[in-house]
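Down below is the structure, laid out as structure tokens.
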Amino acid sequence: MTAPRTMMRVLMETVLLSFLVRLSFQPLKENPLFGPSSSTLEKLGALEWNKVVDDHQAWRLVSCIFLHAGVVHLLANMLSLVFIGIRLEQQFGFVRVGILYMLAGIGGSILSGLFITDNISVGASGALFGLLGAMLSELLTNWTIYANKAAALFTLIIIILVNLAVGMLPHVDNFAHIGGFLTGFLLGCVLLIRPQFSWQERHNLLVEARSKSKYTVFQYVFWLLSVVLLAVGFTVGLVMLFKGENGNERCSWCHYLSCVPTSRWRCDNNE
């Protein structure tokens, strides 16, 4: 009886060990975020310029949004999503916010692919910055319905600037942040538009409501401009990416948007 039990215990320990090996992290010197190696992330679908351009793996523009460099990276993004996403989802529903989140993430991936040509990129930061951009455009386009709007605008701008400044540190893909933010800002003008305050007050008074436009001219103009800019931006960005264009060759200073070299660190620019 002892031998079968021993064999069973050894077998279970072997299975458990093999399972834990799959969950093991790279040494902290290689990945301080408690995560896998770059080669593993690449196999799982990280954004890599060569794979997208030469191997035509366009799906990496989407898959990289769901990958993270490690546990620390994942927790940071999830906490940000909780604080940013809850308010938007409560007000506009998960469908509109979900569409905005995904498109902003793809927009961030496109800009990242155009400028980050020598390294892989993973994470949902572009999509999260898209939500920040949408919050800003939603505040501006629906200005009449908010109280304390100036304080809200000032606070939101400070949060955005601080996060973009952090993106200028080494090993942070700020191009994904910028691309996601711009995409989210334009999508906010399209998906998060709401009736003006005076129309909401009078919507029960049918005669007066008919004489008052539901949306302002400002909102209509921003909606149309945003749709056009989104269509042009995605089309031009995708065409340039699939043609193998390197954004750094067309913009010699743009690499400073993602990393600013100092006496404490250097930046590996893709020039």
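Each chain in the structure tokens gets a letter, A, B and so on, in the order shown; residues start at 1 in every chain, and ligands are counted from 1 in the order they appear.
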
Pick out the residues sitting within 10 Å of segment 87-89 of chain A, and hand them over as an mmCIF file with N, CA and C atoms, in the first residue's frame; count only C-alpha atoms, and ignore anything fewer than 5 positions along from it in its own chain.
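result_6.cif, written as the output of this step:
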data_model
loop_
_atom_site.group_PDB
_atom_site.id
_atom_site.type_symbol
_atom_site.label_atom_id
_atom_site.label_comp_id
_atom_site.auth_asym_id
_atom_site.auth_seq_id
_atom_site.Cartn_x
_atom_site.Cartn_y
_atom_site.Cartn_z
ATOM 1 N N VAL A 82 -10.887 50.632 -12.996
ATOM 2 C CA VAL A 82 -11.955 50.734 -12.004
ATOM 3 C C VAL A 82 -12.309 52.195 -11.737
ATOM 4 N N PHE A 94 -22.315 49.909 -20.908
ATOM 5 C CA PHE A 94 -21.090 49.155 -21.216
ATOM 6 C C PHE A 94 -20.867 48.998 -22.710
ATOM 7 N N VAL A 95 -21.935 49.103 -23.531
ATOM 8 C CA VAL A 95 -21.761 48.925 -24.974
ATOM 9 C C VAL A 95 -20.957 50.075 -25.567
ATOM 10 N N ARG A 96 -21.395 51.313 -25.313
ATOM 11 C CA ARG A 96 -20.682 52.462 -25.855
ATOM 12 C C ARG A 96 -19.269 52.573 -25.272
ATOM 13 N N VAL A 97 -19.156 52.344 -23.972
ATOM 14 C CA VAL A 97 -17.837 52.436 -23.339
ATOM 15 C C VAL A 97 -16.933 51.301 -23.819
ATOM 16 N N GLY A 98 -17.509 50.113 -24.024
ATOM 17 C CA GLY A 98 -16.725 48.995 -24.533
ATOM 18 C C GLY A 98 -16.201 49.248 -25.935
ATOM 19 N N LEU A 131 -10.128 56.344 -22.500
ATOM 20 C CA LEU A 131 -11.216 56.698 -21.583
ATOM 21 C C LEU A 131 -10.992 58.081 -20.984
ATOM 22 N N LEU A 132 -9.731 58.415 -20.674
ATOM 23 C CA LEU A 132 -9.436 59.759 -20.180
ATOM 24 C C LEU A 132 -9.743 60.812 -21.236
ATOM 25 N N ALA A 134 -11.883 60.518 -23.644
ATOM 26 C CA ALA A 134 -13.336 60.578 -23.796
ATOM 27 C C ALA A 134 -13.974 61.384 -22.667
ATOM 28 N N MET A 135 -13.454 61.247 -21.458
ATOM 29 C CA MET A 135 -13.971 62.039 -20.334
ATOM 30 C C MET A 135 -13.768 63.529 -20.584
ATOM 31 N N GLU A 138 -16.121 64.594 -23.462
ATOM 32 C CA GLU A 138 -17.513 64.544 -22.975
ATOM 33 C C GLU A 138 -17.814 65.752 -22.105
ATOM 34 N N LEU A 192 -20.465 59.929 -26.876
ATOM 35 C CA LEU A 192 -20.891 60.371 -25.547
ATOM 36 C C LEU A 192 -21.612 61.710 -25.566
#

Task: Spatial neighbours of Cys189 of chain A, 6 Å, only C-alpha atoms, chain gap at least 4 places, as number ranges by chain - done: A: 137, 193, 223

Go ahead and save the residues from that selection, with N, CA and C atoms, as a PDB file, in the first residue's frame.
ATOM      1  N   SER A 137     -13.408  65.104 -23.625  1.00  0.00           N
ATOM      2  CA  SER A 137     -14.280  65.579 -24.706  1.00  0.00           C
ATOM      3  C   SER A 137     -15.744  65.566 -24.288  1.00  0.00           C
ATOM      4  N   ILE A 193     -22.116  62.099 -26.719  1.00  0.00           N
ATOM      5  CA  ILE A 193     -22.850  63.358 -26.831  1.00  0.00           C
ATOM      6  C   ILE A 193     -24.196  63.244 -26.123  1.00  0.00           C
ATOM      7  N   TRP A 223     -19.122  66.647 -33.634  1.00  0.00           N
ATOM      8  CA  TRP A 223     -19.468  65.275 -34.028  1.00  0.00           C
ATOM      9  C   TRP A 223     -18.983  64.997 -35.441  1.00  0.00           C
TER      10      TRP A 223
END

Open item on the list: Between A:Ser109, A:Thr235, A:Ser63, A:Asn142, which residue has the minimum interatomic distance to Phe222 of chain A, considering only C-alpha atoms?
Closed with: A:Asn142

TODO: Write out as number ranges by chain each polymer residue whose atoms come within 6 Å of segment 167-169 of chain A, counting only C-alpha atoms; drop sequence neighbours fewer than 3 positions from it.
DONE: A: 164, 172, 174, 258-260

Task: alpha helix (DSSP H) positions in segment 4-108 of chain A, given as a ChimeraX atom specification - done: /A:4-22,38-44,49-53,60-63,71-108

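The shortest atom-to-atom distance to Val221 of chain A, with only C-alpha atoms taken into account, belongs to A:Thr141 out of A:Gly85, A:Thr141, A:Cys64, A:Leu74.
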
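Atom pair atom CA of Ala46 of chain A / atom CA of Leu81 of chain A has a distance of 20.5 Å (rounded to one decimal).
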
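Counting only C-alpha atoms, the residue from A:Ile84, A:Ala58, A:Val71, A:Ile120 that sits nearest to Lys43 of chain A is A:Ile120.
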